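**Q** Submitted below is the structure of interest, expressed as C-alpha cells.
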Protein chains: 2
Amino acid sequence: MEQTIYRGLEGVHIDTTTISRIDGQRGELIYRGYDIRELADKASFEEVAYLLWHDDLPDRAQLDAFHAELAPNFTVPEPVFEAFRSMPAATHPMHAIRTAVSLLGALDPEAEGVDDANVHRIGLKLLAQFATFTAAYARIRDGKDVIAPDPELSVAANFLYMLNGEPPTPAATRVMDVALVLHAEHGSNASAFVGRATASTLTDVYSAITAAVAALKGPLHGGANIGVMQALEEIGSVEAVDGYVVDTLARPNGRVMGFGHRVYKVVDPRALILKDVAKHLAEESGDSKWFEMSLEMERVMDREMAKRGKQVKPNVDFFSASVYRMLGLPRDMYTPIFAVSRISGWMAHLYEQYANNRIMRPRLTYDGPLGRTFRPIEQR
Amino acid sequence: MEQTIYRGLEGVHIDTTTISRIDGQRGELIYRGYDIRELADKASFEEVAYLLWHDDLPDRAQLDAFHAELAPNFTVPEPVFEAFRSMPAATHPMHAIRTAVSLLGALDPEAEGVDDANVHRIGLKLLAQFATFTAAYARIRDGKDVIAPDPELSVAANFLYMLNGEPPTPAATRVMDVALVLHAEHGSNASAFVGRATASTLTDVYSAITAAVAALKGPLHGGANIGVMQALEEIGSVEAVDGYVVDTLARPNGRVMGFGHRVYKVVDPRALILKDVAKHLAEESGDSKWFEMSLEMERVMDREMAKRGKQVKPNVDFFSASVYRMLGLPRDMYTPIFAVSRISGWMAHLYEQYANNRIMRPRLTYDGPLGRTFRPIEQR
C-alpha cells in the first residue's frame, strides 16, 4: 500500500477553531466572525486582541479594564536588556526577540502552568512586553538608551514612542494600529502552527511563543516583508522594476517576494487595505517612490503571470514593506513588528490548544537502508 | 462534505526519511539501517551522531576527524553563562537550555545560512556545546563555578566531568554513552517535528533547535522522565507501588508516567536496554531501591492493564529515570540530558528538511460565528 505523504501539510486539517477564517476563494478574512476590513477601519489593536482572546469585542468597561491590565506589563526586566547588550550590532533582530521571550520564561517563577488563568496572565505580559523589548533592541543595537514605556499609551503608540524617543503623531499611531490589526491573526500559518505543536507537549506558554517567533523569522514566513523591501531598494527606481521582475522569474526557482499565498487564490484583503494606507502615506509624505514602485511591480507581475496562465496576487507583506518604510521604521525591524502584532493571535491559538490538547506526533515514511550489519570500527 | 480532522496529526505522514525507522508492532528501532540494540551495545555516541549525519558509521580516520572537529566546539561564550546567572535558582533548567541555544544564535555572525556546510558547522558547535551549557547551568544555579570542558573527552565523559568537577569513572561514562545513544533519534516525535516545521520557513538552525528544545520540555514529551522520578520519589517504597498505580488509574485522566507510546504497540526496545543497564547499576551500586520499584511498577501496570484488556508497556523514560538517579544526576536535569543527546537527531532532521523543503502550513476547520456586524464601542 502506497502511503499518502502530505508535504507541507497542505490541505491537512489539524483541528477546529473559532479564532479566524480565511476564505481563499473570495479573499475574505474574519476574526471571530468580524470582517478584517471593518476591524482595520474601526477597531484598535487592543480591541482586536481582546476579541481574539474572548468571544466578542469589548464594551467600554471591558476595554478600559483590558488597558488597565496591560499598562503595568509594559515593563521588561533588566536581564533582557543585558542579553541584548551582549549581542553584536549586526545580529538579526529576530534572534534578539526570540531570546527575549525565552529569557522572560526563565525569569517568570510562575511560567509553568497552562491553565486558562496563567495563560491569560502571561498573554497580557507578552502582549505589552513585545512592544517594549522590540523597541529596546532597536535602540540598544544602535547604541542608544532604552526608553521606558509610557503606561498611558496604546501598544501602537508605545512602540513608536519607545522606538523613536518622542511621542508619535496621531496619524503615525493610527497607521501603526492598522498594521497591528491586520497582522494579528491568520489561522494555522507556520508560526501559529509551530506554537500549537510546541504547546501540544503541554510545555509552558513562553516555550510555545519562543518557538512561534523562531518560525516567524523565516524568509518564507514573517521574514518576507524584509525581503520585499530589500528587493525594492535593490531595484531603486520605477523604471527598473519591469526588468527586475522579468529577470527574477526567468531564473530557476526565481521568486518575487511579496506575491502569492498558500491559501489565498485571489487577492489577500490585508494587501488591499495596506495598499490604501500606503497610497495615503505616499500622498501625505510626498515620498511616493516606494508606493509607485510597488504599483509597478504589481502591474508587471500581473502581466508576467498572465503569460504563464497564472494569477499570483500581492500578499500582506507586499504593501506592509512600503508602509513601514514611509513610517521611517528600520528595514530589519519589519519582521519583529509582525511579532509585536501576532503575539495576540498566537495566544488565542494557545488557549485553544491547551483547552483540548492532543500531542502532535506525525509520521515520516522510512525510505532508507534496512538490516545493515554492524561491524567493529577496525573492519569498516 | 465533512472535513477529516487529524488531531495530533496521528497517522499523517509528512515526508520520507532515511534517518530512522520505528517498527511499533515488533518493537524495533533502527538508525539508518542499524538496530538500536547493536548500536547501544557497541557504538559510542559520537559514532552514532556521525551515523545520523552521514550515510554510514565512520571508519577510524573519519571518527578521529569528527572528534577533532568537535573538540574546539565545547567552549561556550561567556554571555550564555551571564544569562544563566540572571535566572532564579528555581528556574526549570529547560528554560535555561532553550535560552542558551537562542542566545548562541544571536552571538553567531554566520547564523543565517541553511546550506549543508553551514548547517554542519552549527551542528558540530551545538553537539559539543549542549553538553557544556547544560552542565554549566546545573552548577551555576547551585552556586558553583563553571568547569571548562576538556577537549580530549567524549561528549558523555565531558558532560559528567563538567557537571561534577571530577573525571567520571569508565563505568559511569559508558552508562552515560549508552543513554545518549538510546535518546539520539526517534523519528518525527513532537520536538523533531517542531524543529522541522520551524525550519520549513527557511529560518536558521538555531531558531529550529530552540523550538525543538521548547517542545522537548513538555511533560508529554521529554519532560516525562522527570515525571517518572517524581512519582517514584513520591511512592517511596516497593510496597507502596501497587496502591499508587491502582489509585492513579482510578482517577479521571489518571496517568502513570513512563508507560505507553503513540508508535510502539509492544515494548520499546530502548526500555529493554535501559532495564538491563539499570539492573547492572543496581547490583554494582548496592542501591537497588529505584530499580526494584520500577520492576514492581511494571508488574502492577501489566496486571491492571490486563484487567482492562490492554497492553501498555514501559517506554524509554521509564527506566532512564532510575538509571540517571543511580548515576547521581539531579532529577530536574533528566530532560536537559535528553536534549544533550537528541541534538544529534534534530540536526539530522534539519539536513533533510532544508534539502527538500516545503513550508508547513496546515489548516484549521473554522467552527465559529460568521457574518457578525461591527458596532461602535458605545453601542456594544
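Within each chain, counting starts at residue 1; across the C-alpha cells, chains are named A, B, ... in the order shown, with ligands numbered 1 upward in that order.
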Once you count only C-alpha atoms, which residues of chain A turn out to be within 6 Å of chain B? Could you give them as an NGL selection string?
**A** :A and (5-10 or 12-18 or 21 or 33-34 or 59 or 87 or 91 or 95 or 99 or 102-103 or 106-107 or 188-190 or 198 or 201-203 or 207 or 211 or 214-215 or 217-218 or 220-221 or 358-372 or 377 or 380)
**Q** Can you pull out the residues contacting Leu126 in chain B? Cut-off 12 Å, using only C-alpha atoms, and skip same-chain residues under 3 positions away; I want them as a PyMOL selection string.
**A** chain B and resi 49+69-76+97+100-102+104-105+108+119-123+129-134+155+205-206+209-210+339-347
**Q** Write out as an MDAnalysis selection string each polymer residue whose atoms come within 12 Å of range 305-309 of chain B, counting only C-alpha atoms; drop sequence neighbours fewer than 2 positions from it.
**A** chainID B and resid 245:246 249:250 256 259:260 297:303 311:313
**Q** Neighbours of Ala321 in chain B within 10 Å (only C-alpha atoms; same-chain residues fewer than 4 positions away dropped), as a PyMOL selection string?
**A** chain B and resi 224-230+232+258+274+278+290-291+294+316-317+325-327+329+331+334-335
**Q** Would you output that residue set with N, CA and C atoms, as a tab-separated table (two decimals), in the first residue's frame?
**A**
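As a result, again_26.tsv now contains:
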```tsv
chain	number	residue	atom	x	y	z
B	224	ALA	N	8.76	13.81	30.47
B	224	ALA	CA	8.18	12.63	31.13
B	224	ALA	C	9.17	11.93	32.05
B	225	ASN	N	10.47	11.95	31.72
B	225	ASN	CA	11.43	11.23	32.58
B	225	ASN	C	11.52	11.87	33.97
B	226	ILE	N	11.31	13.19	34.03
B	226	ILE	CA	11.24	13.85	35.34
B	226	ILE	C	9.99	13.38	36.08
B	227	GLY	N	8.88	13.28	35.35
B	227	GLY	CA	7.63	12.82	35.94
B	227	GLY	C	7.74	11.42	36.54
B	228	VAL	N	8.49	10.54	35.86
B	228	VAL	CA	8.68	9.18	36.37
B	228	VAL	C	9.39	9.22	37.72
B	229	MET	N	10.46	10.00	37.79
B	229	MET	CA	11.24	10.04	39.04
B	229	MET	C	10.44	10.70	40.15
B	230	GLN	N	9.68	11.75	39.80
B	230	GLN	CA	8.82	12.39	40.80
B	230	GLN	C	7.87	11.37	41.41
B	232	LEU	N	8.24	8.05	41.51
B	232	LEU	CA	8.97	7.05	42.32
B	232	LEU	C	9.33	7.64	43.68
B	258	GLY	N	5.62	7.21	32.17
B	258	GLY	CA	6.64	6.27	31.72
B	258	GLY	C	6.09	5.04	31.03
B	274	LEU	N	17.67	-0.16	28.64
B	274	LEU	CA	17.87	0.62	29.87
B	274	LEU	C	17.52	-0.20	31.11
B	278	ALA	N	19.98	-0.57	34.14
B	278	ALA	CA	19.53	-0.26	35.50
B	278	ALA	C	19.80	-1.44	36.43
B	290	TRP	N	15.43	1.93	43.54
B	290	TRP	CA	14.71	2.53	42.39
B	290	TRP	C	14.43	1.48	41.33
B	291	PHE	N	15.39	0.58	41.14
B	291	PHE	CA	15.19	-0.46	40.15
B	291	PHE	C	14.07	-1.41	40.59
B	294	SER	N	10.80	0.11	40.13
B	294	SER	CA	10.44	0.14	38.71
B	294	SER	C	9.90	-1.21	38.26
B	316	VAL	N	10.85	4.62	26.96
B	316	VAL	CA	12.26	4.93	27.22
B	316	VAL	C	12.43	5.74	28.51
B	317	ASP	N	11.43	6.55	28.84
B	317	ASP	CA	11.54	7.40	30.02
B	317	ASP	C	11.50	6.60	31.31
B	325	ARG	N	19.14	8.40	38.13
B	325	ARG	CA	19.18	8.53	39.59
B	325	ARG	C	20.39	7.79	40.16
B	326	MET	N	20.62	6.57	39.66
B	326	MET	CA	21.77	5.80	40.17
B	326	MET	C	23.10	6.39	39.73
B	327	LEU	N	23.10	7.15	38.62
B	327	LEU	CA	24.32	7.88	38.23
B	327	LEU	C	24.52	9.13	39.08
B	329	LEU	N	22.57	11.88	39.07
B	329	LEU	CA	22.24	13.12	38.36
B	329	LEU	C	21.02	13.78	38.99
B	331	ARG	N	17.49	15.39	39.51
B	331	ARG	CA	16.26	14.99	38.82
B	331	ARG	C	15.84	15.96	37.72
B	334	TYR	N	17.17	15.65	34.03
B	334	TYR	CA	16.94	14.49	33.15
B	334	TYR	C	16.51	14.94	31.74
B	335	THR	N	15.60	15.91	31.67
B	335	THR	CA	15.15	16.35	30.34
B	335	THR	C	16.27	17.10	29.60
```
**Q** Suppose you want the space between CA of Lys310 in chain A and CA of Glu234 in chain A; what is it in Å?
**A** 25.9 Å
